[in-house]
$ cat protein_27.txt   # compact mmCIF, C-alpha atoms and all ligand atoms
# COMPACT_ATOMS: atom_id res chain seq x y z
CA MET A 1 14.67 13.14 2.86
CA LYS A 2 11.21 14.44 2.01
CA LEU A 3 8.24 12.09 1.65
CA TRP A 4 5.20 13.16 -0.36
CA PHE A 5 2.28 11.29 1.13
CA ASN A 6 -1.18 11.53 2.56
CA LEU A 7 -2.83 9.74 5.46
CA ALA A 8 -5.33 7.85 3.27
CA SER A 9 -2.85 6.39 0.77
CA PRO A 10 -2.10 2.70 1.34
CA PHE A 11 1.01 2.95 -0.87
CA ALA A 12 2.37 5.82 1.23
CA ARG A 13 1.50 3.79 4.32
CA LYS A 14 3.83 1.00 3.14
CA VAL A 15 6.68 3.51 3.05
CA ARG A 16 5.85 5.02 6.44
CA ILE A 17 5.68 1.56 8.04
CA VAL A 18 9.06 0.67 6.52
CA ALA A 19 10.51 3.95 7.84
CA LEU A 20 9.26 3.15 11.35
CA GLU A 21 10.26 -0.53 11.29
CA THR A 22 13.80 0.37 10.18
CA GLY A 23 14.27 3.32 12.55
CA LEU A 24 14.57 5.84 9.71
CA ALA A 25 11.41 7.85 10.36
CA ASP A 26 13.32 10.70 12.07
CA ARG A 27 15.29 11.31 8.89
CA ILE A 28 12.16 11.88 6.83
CA GLU A 29 10.19 15.11 6.56
CA GLU A 30 6.60 14.41 5.54
CA VAL A 31 4.77 16.65 3.05
CA SER A 32 1.05 16.04 2.70
CA ALA A 33 -0.33 16.11 -0.87
CA MET A 34 -4.02 15.70 -1.70
CA VAL A 35 -3.60 13.90 -5.01
CA SER A 36 -6.26 13.30 -7.62
CA PRO A 37 -5.88 11.66 -11.04
CA VAL A 38 -7.67 14.63 -12.61
CA LYS A 39 -6.05 17.57 -10.77
CA PRO A 40 -2.25 17.24 -10.65
CA VAL A 41 -0.57 18.77 -7.57
CA GLU A 42 1.96 21.29 -8.92
CA GLY A 43 4.82 20.83 -6.41
CA LEU A 44 4.57 17.06 -6.65
CA ALA A 45 4.52 17.17 -10.46
CA ARG A 46 7.97 18.78 -10.38
CA GLU A 47 9.28 15.80 -8.35
CA ASN A 48 7.35 12.90 -9.87
CA PRO A 49 6.17 13.15 -13.50
CA LEU A 50 3.44 10.60 -12.70
CA VAL A 51 2.16 12.99 -9.99
CA LYS A 52 1.50 10.13 -7.60
CA ILE A 53 2.30 9.50 -3.98
CA PRO A 54 4.42 8.18 -2.41
CA ALA A 55 7.45 10.03 -3.78
CA LEU A 56 10.67 10.42 -1.79
CA THR A 57 13.05 13.30 -2.47
CA THR A 58 16.61 12.17 -1.68
CA ASP A 59 20.21 13.20 -2.43
CA LEU A 60 19.95 10.91 -5.48
CA GLY A 61 16.91 12.73 -6.80
CA THR A 62 13.26 11.84 -6.28
CA LEU A 63 12.31 8.18 -6.08
CA TYR A 64 8.80 7.01 -6.77
CA ASP A 65 6.67 3.91 -6.59
CA SER A 66 6.33 2.45 -3.11
CA ALA A 67 8.30 -0.70 -3.97
CA VAL A 68 11.33 1.33 -5.09
CA ILE A 69 11.17 3.70 -2.11
CA CYS A 70 10.78 0.85 0.40
CA GLU A 71 13.79 -0.97 -1.02
CA TYR A 72 15.82 2.24 -1.00
CA LEU A 73 15.02 2.84 2.68
CA ASP A 74 15.87 -0.78 3.44
CA SER A 75 19.36 -0.13 2.03
CA LEU A 76 19.99 2.68 4.54
CA HIS A 77 19.86 0.83 7.86
CA GLY A 78 21.91 -1.87 9.53
CA GLY A 79 19.11 -3.95 11.09
CA THR A 80 17.36 -7.05 9.74
CA PRO A 81 16.54 -6.36 6.08
CA LEU A 82 12.87 -6.18 5.11
CA PHE A 83 13.81 -7.28 1.58
CA PRO A 84 15.54 -10.69 1.77
CA PRO A 85 18.88 -11.17 -0.05
CA PRO A 86 18.87 -12.81 -3.52
CA GLY A 87 17.34 -16.29 -3.43
CA LYS A 88 14.01 -18.04 -2.93
CA ASP A 89 12.85 -15.94 0.04
CA ARG A 90 13.42 -12.76 -1.94
CA TRP A 91 11.31 -13.93 -4.88
CA GLN A 92 8.53 -14.93 -2.50
CA ALA A 93 8.66 -11.58 -0.72
CA LEU A 94 8.64 -9.64 -4.01
CA ARG A 95 5.77 -11.70 -5.35
CA LEU A 96 3.73 -11.13 -2.19
CA GLN A 97 4.46 -7.42 -2.43
CA ALA A 98 3.28 -7.47 -6.08
CA LEU A 99 0.12 -9.34 -5.09
CA GLY A 100 -0.65 -6.76 -2.39
CA ASP A 101 0.17 -3.83 -4.66
CA GLY A 102 -2.10 -5.31 -7.35
CA ILE A 103 -5.00 -5.61 -4.91
CA LEU A 104 -4.41 -2.03 -3.81
CA GLU A 105 -4.29 -0.73 -7.40
CA ALA A 106 -7.67 -2.38 -8.08
CA ALA A 107 -9.18 -1.05 -4.84
CA VAL A 108 -7.85 2.49 -5.35
CA LEU A 109 -9.04 2.56 -9.00
CA THR A 110 -12.47 1.45 -7.83
CA ARG A 111 -12.47 4.26 -5.30
CA TYR A 112 -11.72 6.78 -8.08
CA GLU A 113 -14.44 5.26 -10.25
CA THR A 114 -17.06 5.56 -7.51
CA PHE A 115 -16.03 8.87 -5.89
CA ILE A 116 -14.35 10.97 -8.57
CA ARG A 117 -15.88 9.94 -11.88
CA PRO A 118 -19.16 11.76 -12.53
CA GLN A 119 -22.18 9.49 -11.99
CA PRO A 120 -23.34 9.28 -15.64
CA LEU A 121 -19.88 8.09 -16.74
CA ARG A 122 -19.52 5.29 -14.18
CA TRP A 123 -19.22 1.75 -15.51
CA ASN A 124 -20.41 -1.00 -13.18
CA ASP A 125 -18.82 -3.86 -15.14
CA TRP A 126 -15.46 -2.19 -14.71
CA ILE A 127 -15.95 -1.87 -10.95
CA THR A 128 -17.03 -5.52 -10.80
CA GLY A 129 -13.90 -6.50 -12.76
CA GLN A 130 -11.62 -4.64 -10.34
CA PHE A 131 -13.28 -6.29 -7.36
CA ILE A 132 -12.76 -9.74 -8.89
CA LYS A 133 -9.04 -8.91 -8.63
CA VAL A 134 -9.39 -7.72 -5.03
CA ARG A 135 -11.24 -10.86 -3.93
CA GLY A 136 -9.06 -13.25 -5.95
CA GLY A 137 -5.95 -11.61 -4.50
CA LEU A 138 -7.27 -11.94 -0.96
CA ASP A 139 -8.12 -15.61 -1.54
CA ALA A 140 -4.54 -16.20 -2.71
CA MET A 141 -3.25 -14.49 0.45
CA GLU A 142 -5.55 -16.63 2.59
CA LYS A 143 -3.97 -19.78 1.13
CA GLU A 144 -0.42 -18.74 1.99
CA CYS A 145 -0.69 -16.63 5.13
CA GLY A 146 -0.03 -19.62 7.41
CA GLY A 147 3.64 -19.20 6.48
CA TRP A 148 3.86 -15.52 7.38
CA ALA A 149 3.76 -15.74 11.16
CA THR A 150 7.37 -15.09 12.08
CA ARG A 151 8.32 -12.08 10.03
CA PHE A 152 7.09 -8.63 9.06
CA GLY A 153 9.04 -8.09 5.88
CA ILE A 154 8.05 -6.18 2.75
CA GLY A 155 5.49 -8.80 1.61
CA GLU A 156 3.70 -8.91 4.98
CA ILE A 157 3.84 -5.10 5.32
CA THR A 158 2.11 -4.79 1.94
CA ALA A 159 -0.51 -7.38 2.95
CA ALA A 160 -1.14 -5.44 6.18
CA CYS A 161 -1.68 -2.25 4.16
CA VAL A 162 -4.18 -4.09 1.93
CA LEU A 163 -6.27 -5.29 4.87
CA GLY A 164 -6.09 -1.90 6.61
CA TYR A 165 -7.17 -0.13 3.42
CA LEU A 166 -10.15 -2.46 2.91
CA ASP A 167 -11.28 -1.85 6.51
CA PHE A 168 -10.90 1.90 5.89
CA ARG A 169 -12.58 2.27 2.48
CA TYR A 170 -14.65 -0.90 2.07
CA PRO A 171 -15.80 -2.00 5.55
CA ASP A 172 -18.93 -3.58 4.02
CA GLU A 173 -16.84 -5.89 1.86
CA GLY A 174 -16.31 -8.09 4.94
CA TRP A 175 -12.96 -9.56 3.82
CA ARG A 176 -12.74 -11.57 7.06
CA LYS A 177 -15.88 -13.64 6.34
CA SER A 178 -14.32 -16.45 4.35
CA ARG A 179 -10.68 -15.82 5.31
CA PRO A 180 -10.06 -16.97 8.89
CA GLY A 181 -6.32 -17.32 8.39
CA LEU A 182 -5.91 -13.72 7.27
CA GLU A 183 -8.19 -12.55 10.07
CA ARG A 184 -6.01 -14.32 12.70
CA TRP A 185 -2.80 -13.04 11.16
CA TYR A 186 -4.05 -9.45 10.95
CA ALA A 187 -5.23 -9.49 14.57
CA LYS A 188 -1.67 -10.38 15.61
CA ILE A 189 0.06 -7.57 13.72
CA VAL A 190 -2.48 -4.75 13.85
CA ASP A 191 -1.18 -3.46 17.21
CA ARG A 192 2.43 -3.10 16.15
CA PRO A 193 3.54 0.50 16.84
CA SER A 194 4.25 1.06 13.12
CA MET A 195 0.72 -0.05 12.23
CA LYS A 196 -0.93 2.05 14.92
CA ALA A 197 1.09 5.16 14.02
CA THR A 198 0.04 4.96 10.37
CA GLN A 199 -3.67 4.12 10.60
CA PRO A 200 -5.45 5.46 7.50
CA GLN A 201 -7.45 8.65 7.93
N1 LIG A 301 2.35 1.87 -7.99
C1 LIG A 301 2.32 3.07 -7.20
C2 LIG A 301 0.86 3.49 -6.96
C3 LIG A 301 0.76 4.85 -6.28
C4 LIG A 301 -0.66 5.41 -6.34
O1 LIG A 301 -1.52 4.98 -7.14
N2 LIG A 301 -0.92 6.39 -5.50
C5 LIG A 301 -2.20 7.07 -5.52
C6 LIG A 301 -2.65 7.45 -4.11
S1 LIG A 301 -3.07 6.04 -3.16
C7 LIG A 301 -2.04 8.38 -6.30
O2 LIG A 301 -1.05 9.06 -6.14
N3 LIG A 301 -3.02 8.71 -7.15
C8 LIG A 301 -3.03 9.92 -7.92
C9 LIG A 301 -3.16 9.63 -9.39
O3 LIG A 301 -3.47 8.49 -9.77
O4 LIG A 301 -2.97 10.57 -10.15
C10 LIG A 301 3.07 2.83 -5.90
O5 LIG A 301 3.24 1.67 -5.49
O6 LIG A 301 3.56 3.81 -5.30
$ encode --input "protein_27.txt" --output "structure tokens" --more "lines below"
Ligand SMILES: N[C@@H](CCC(=O)N[C@@H](CS)C(=O)NCC(=O)O)C(=O)O
Amino acid sequence: MKLWFNLASPFARKVRIVALETGLADRIEEVSAMVSPVKPVEGLARENPLVKIPALTTDLGTLYDSAVICEYLDSLHGGTPLFPPPGKDRWQALRLQALGDGILEAAVLTRYETFIRPQPLRWNDWITGQFIKVRGGLDAMEKECGGWATRFGIGEITAACVLGYLDFRYPDEGWRKSRPGLERWYAKIVDRPSMKATQPQ
């Protein structure tokens, strides 16, 4: 399998953590792609019409969107599943993944707005609106993270990628300030080998 990724992408990080946690990393060849919403990468465009990373080229064709790729990888190993079987736990895990992905979308779009969009075209109200989503999402995570302690499934992996991305791109945001539960939880998981091996750069 071939994974289109880069070291800064929090969505690609989700996939790389899943690959490590499930013991599948050796079966994946990584191809670095410096994506930009305004300059499509040619090779990637042939695999993923959305020209986004992560994308995973497999025998079934190329899969894209981190949630789809992570669930595909989870179907290939015999260990404890990272996506729970149908039932309440599964809905909770999928919802937490969606919450984390939503925070990441808002944070990544803000990054594009502030670093790619030419200065005269930037719109501060739009950036403020995206950060309301980031902060509201983190507050929701703070309320529920007491229940996360015992597992590192797809929801928790996504949450870990959110917190790692904010430390990487928005260190001044200070997400820990009013979120002691998340801070404690993150301190416990940040040294996992899969987290250390995929630190954003
Ligand atoms: N929903 C997608 C989001 C992927 C995404 O936005 N990736 C960014 C990099 S972090 C990207 O490829 N951006 C290029 C673009 O928007 O054209 C997922 O979960 O995989």
$ residues_around --input "protein_27.txt" --residues "Trp4 (chain A)" --least-positions-apart "6" --cutoff "7 Å" --atoms "all atoms listed in the file" --output "list in words"
Glu30, Val31, Ser32, Ala33, Ile53, Pro54, Ala55 and Leu56 of chain A
$ atom_distance --input "protein_27.txt" --atom1 "CA of Cys145 (chain A)" --atom2 "CA of Val190 (chain A)"
14.8 Å
$ closest_residue --input "protein_27.txt" --among "A:Leu44, A:Leu138, A:Ser36, A:Thr110" --to "Trp123 (chain A)" --atoms "all atoms listed in the file"
A:Thr110
$ closest_residue --input "protein_27.txt" --among "A:Ile132, A:Ile17, A:Leu94, A:Val108" --to "ligand LIG 301 (chain A)" --atoms "only C-alpha atoms and all ligand atoms"
A:Val108
$ residues_near_ligand --input "protein_27.txt" --ligand "ligand LIG 301 (chain A)" --cutoff "6 Å" --atoms "only C-alpha atoms and all ligand atoms" --output "PyMOL selection string"
chain A and resi 9-11+35-37+51-54+65-67
$ closest_residue --input "protein_27.txt" --among "A:Val68, A:Leu3, A:Leu104, A:Leu166" --to "Asp26 (chain A)" --atoms "all atoms listed in the file"
A:Leu3
$ axis_aligned_box --input "protein_27.txt" --around "region 86-103 of chain A" --padding-each-side "5 Å" --output "lines of an AutoDock Vina configuration file"
center_x = 6.9
center_y = -10.9
center_z = -3.7
size_x = 33.9
size_y = 24.2
size_z = 17.4
$ atom_distance --input "protein_27.txt" --atom1 "CA of Asp191 (chain A)" --atom2 "CA of Leu96 (chain A)"
21.4 Å
$ atom_distance --input "protein_27.txt" --atom1 "CA of Val134 (chain A)" --atom2 "CA of Val18 (chain A)"
23.3 Å
$ residues_around --input "protein_27.txt" --residues "Gly174 (chain A)" --least-positions-apart "5" --cutoff "12 Å" --atoms "only C-alpha atoms" --output "PDB file with C-alpha atoms, in the frame of the given file"
ATOM      1  CA  ARG A 135     -11.240 -10.860  -3.930  1.00  0.00           C
ATOM      2  CA  LEU A 138      -7.270 -11.940  -0.960  1.00  0.00           C
ATOM      3  CA  LEU A 163      -6.270  -5.290   4.870  1.00  0.00           C
ATOM      4  CA  LEU A 166     -10.150  -2.460   2.910  1.00  0.00           C
ATOM      5  CA  ASP A 167     -11.280  -1.850   6.510  1.00  0.00           C
ATOM      6  CA  PHE A 168     -10.900   1.900   5.890  1.00  0.00           C
ATOM      7  CA  ARG A 169     -12.580   2.270   2.480  1.00  0.00           C
ATOM      8  CA  ARG A 179     -10.680 -15.820   5.310  1.00  0.00           C
ATOM      9  CA  PRO A 180     -10.060 -16.970   8.890  1.00  0.00           C
ATOM     10  CA  GLU A 183      -8.190 -12.550  10.070  1.00  0.00           C
TER      11      GLU A 183
END
$ closest_residue --input "protein_27.txt" --among "A:Arg90, A:Arg95, A:Arg27, A:Lys196" --to "Thr58 (chain A)" --atoms "all atoms listed in the file"
A:Arg27
$ residues_around --input "protein_27.txt" --residues "Ile157 (chain A)" --least-positions-apart "3" --cutoff "9 Å" --atoms "only C-alpha atoms" --output "VMD selection string"
chain A and resid 14 17 to 18 97 152 to 154 160 to 162
$ closest_residue --input "protein_27.txt" --among "A:Leu63, A:Leu76, A:Ile103, A:Leu109" --to "Ala25 (chain A)" --atoms "only C-alpha atoms"
A:Leu76
$ closest_residue --input "protein_27.txt" --among "A:Ala107, A:Met141, A:Met195, A:Lys2" --to "Gly155 (chain A)" --atoms "all atoms listed in the file"
A:Met141
$ build_atoms --input "protein_27.txt" --residues "region 32-55 of chain A" --atoms "N, CA, C and O atoms" --output "JSON list (two decimals), in the frame of the given file"
[["chain", "number", "residue", "atom", "x", "y", "z"],
["A", 32, "SER", "N", 2.35, 16.59, 3.07],
["A", 32, "SER", "CA", 1.05, 16.04, 2.70],
["A", 32, "SER", "C", 0.60, 16.58, 1.33],
["A", 32, "SER", "O", 0.69, 17.78, 1.07],
["A", 33, "ALA", "N", 0.13, 15.70, 0.46],
["A", 33, "ALA", "CA", -0.33, 16.11, -0.87],
["A", 33, "ALA", "C", -1.67, 15.43, -1.14],
["A", 33, "ALA", "O", -1.77, 14.21, -1.08],
["A", 34, "MET", "N", -2.69, 16.24, -1.41],
["A", 34, "MET", "CA", -4.02, 15.70, -1.70],
["A", 34, "MET", "C", -4.10, 15.40, -3.20],
["A", 34, "MET", "O", -4.49, 16.25, -3.99],
["A", 35, "VAL", "N", -3.68, 14.21, -3.59],
["A", 35, "VAL", "CA", -3.60, 13.90, -5.01],
["A", 35, "VAL", "C", -4.96, 13.52, -5.60],
["A", 35, "VAL", "O", -5.85, 13.06, -4.88],
["A", 36, "SER", "N", -5.07, 13.73, -6.89],
["A", 36, "SER", "CA", -6.26, 13.30, -7.62],
["A", 36, "SER", "C", -5.81, 13.02, -9.05],
["A", 36, "SER", "O", -4.99, 13.78, -9.59],
["A", 37, "PRO", "N", -6.31, 11.96, -9.67],
["A", 37, "PRO", "CA", -5.88, 11.66, -11.04],
["A", 37, "PRO", "C", -6.30, 12.74, -12.04],
["A", 37, "PRO", "O", -5.77, 12.77, -13.15],
["A", 38, "VAL", "N", -7.22, 13.61, -11.65],
["A", 38, "VAL", "CA", -7.67, 14.63, -12.61],
["A", 38, "VAL", "C", -7.20, 16.04, -12.28],
["A", 38, "VAL", "O", -7.42, 16.97, -13.06],
["A", 39, "LYS", "N", -6.55, 16.23, -11.13],
["A", 39, "LYS", "CA", -6.05, 17.57, -10.77],
["A", 39, "LYS", "C", -4.63, 17.43, -10.23],
["A", 39, "LYS", "O", -4.43, 17.29, -9.02],
["A", 40, "PRO", "N", -3.62, 17.45, -11.11],
["A", 40, "PRO", "CA", -2.25, 17.24, -10.65],
["A", 40, "PRO", "C", -1.80, 18.29, -9.63],
["A", 40, "PRO", "O", -2.09, 19.47, -9.80],
["A", 41, "VAL", "N", -1.12, 17.85, -8.58],
["A", 41, "VAL", "CA", -0.57, 18.77, -7.57],
["A", 41, "VAL", "C", 0.75, 19.32, -8.12],
["A", 41, "VAL", "O", 1.67, 18.55, -8.41],
["A", 42, "GLU", "N", 0.83, 20.67, -8.23],
["A", 42, "GLU", "CA", 1.96, 21.29, -8.92],
["A", 42, "GLU", "C", 3.34, 20.91, -8.35],
["A", 42, "GLU", "O", 4.22, 20.46, -9.07],
["A", 43, "GLY", "N", 3.51, 21.11, -7.04],
["A", 43, "GLY", "CA", 4.82, 20.83, -6.41],
["A", 43, "GLY", "C", 5.23, 19.39, -6.61],
["A", 43, "GLY", "O", 6.39, 19.08, -6.93],
["A", 44, "LEU", "N", 4.29, 18.49, -6.48],
["A", 44, "LEU", "CA", 4.57, 17.06, -6.65],
["A", 44, "LEU", "C", 4.93, 16.74, -8.10],
["A", 44, "LEU", "O", 5.82, 15.94, -8.38],
["A", 45, "ALA", "N", 4.26, 17.41, -9.03],
["A", 45, "ALA", "CA", 4.52, 17.17, -10.46],
["A", 45, "ALA", "C", 5.97, 17.48, -10.82],
["A", 45, "ALA", "O", 6.54, 16.87, -11.72],
["A", 46, "ARG", "N", 6.57, 18.45, -10.09],
["A", 46, "ARG", "CA", 7.97, 18.78, -10.38],
["A", 46, "ARG", "C", 8.90, 17.67, -9.89],
["A", 46, "ARG", "O", 10.01, 17.50, -10.38],
["A", 47, "GLU", "N", 8.45, 16.87, -8.92],
["A", 47, "GLU", "CA", 9.28, 15.80, -8.35],
["A", 47, "GLU", "C", 9.03, 14.45, -9.01],
["A", 47, "GLU", "O", 9.91, 13.63, -9.17],
["A", 48, "ASN", "N", 7.75, 14.19, -9.31],
["A", 48, "ASN", "CA", 7.35, 12.90, -9.87],
["A", 48, "ASN", "C", 6.46, 13.16, -11.09],
["A", 48, "ASN", "O", 5.33, 13.62, -10.93],
["A", 49, "PRO", "N", 6.96, 12.86, -12.29],
["A", 49, "PRO", "CA", 6.17, 13.15, -13.50],
["A", 49, "PRO", "C", 4.83, 12.41, -13.53],
["A", 49, "PRO", "O", 3.91, 12.81, -14.25],
["A", 50, "LEU", "N", 4.70, 11.34, -12.74],
["A", 50, "LEU", "CA", 3.44, 10.60, -12.70],
["A", 50, "LEU", "C", 2.45, 11.26, -11.74],
["A", 50, "LEU", "O", 1.27, 10.89, -11.69],
["A", 51, "VAL", "N", 2.95, 12.24, -10.97],
["A", 51, "VAL", "CA", 2.16, 12.99, -9.99],
["A", 51, "VAL", "C", 1.39, 12.07, -9.04],
["A", 51, "VAL", "O", 0.20, 12.25, -8.78],
["A", 52, "LYS", "N", 2.11, 11.07, -8.54],
["A", 52, "LYS", "CA", 1.50, 10.13, -7.60],
["A", 52, "LYS", "C", 2.28, 10.14, -6.30],
["A", 52, "LYS", "O", 3.48, 10.47, -6.29],
["A", 53, "ILE", "N", 1.61, 9.75, -5.24],
["A", 53, "ILE", "CA", 2.30, 9.50, -3.98],
["A", 53, "ILE", "C", 2.30, 7.99, -3.75],
["A", 53, "ILE", "O", 1.39, 7.30, -4.24],
["A", 54, "PRO", "N", 3.31, 7.48, -3.03],
["A", 54, "PRO", "CA", 4.42, 8.18, -2.41],
["A", 54, "PRO", "C", 5.50, 8.56, -3.42],
["A", 54, "PRO", "O", 5.69, 7.89, -4.43],
["A", 55, "ALA", "N", 6.22, 9.67, -3.08],
["A", 55, "ALA", "CA", 7.45, 10.03, -3.78],
["A", 55, "ALA", "C", 8.42, 10.47, -2.69],
["A", 55, "ALA", "O", 8.00, 11.11, -1.72]]
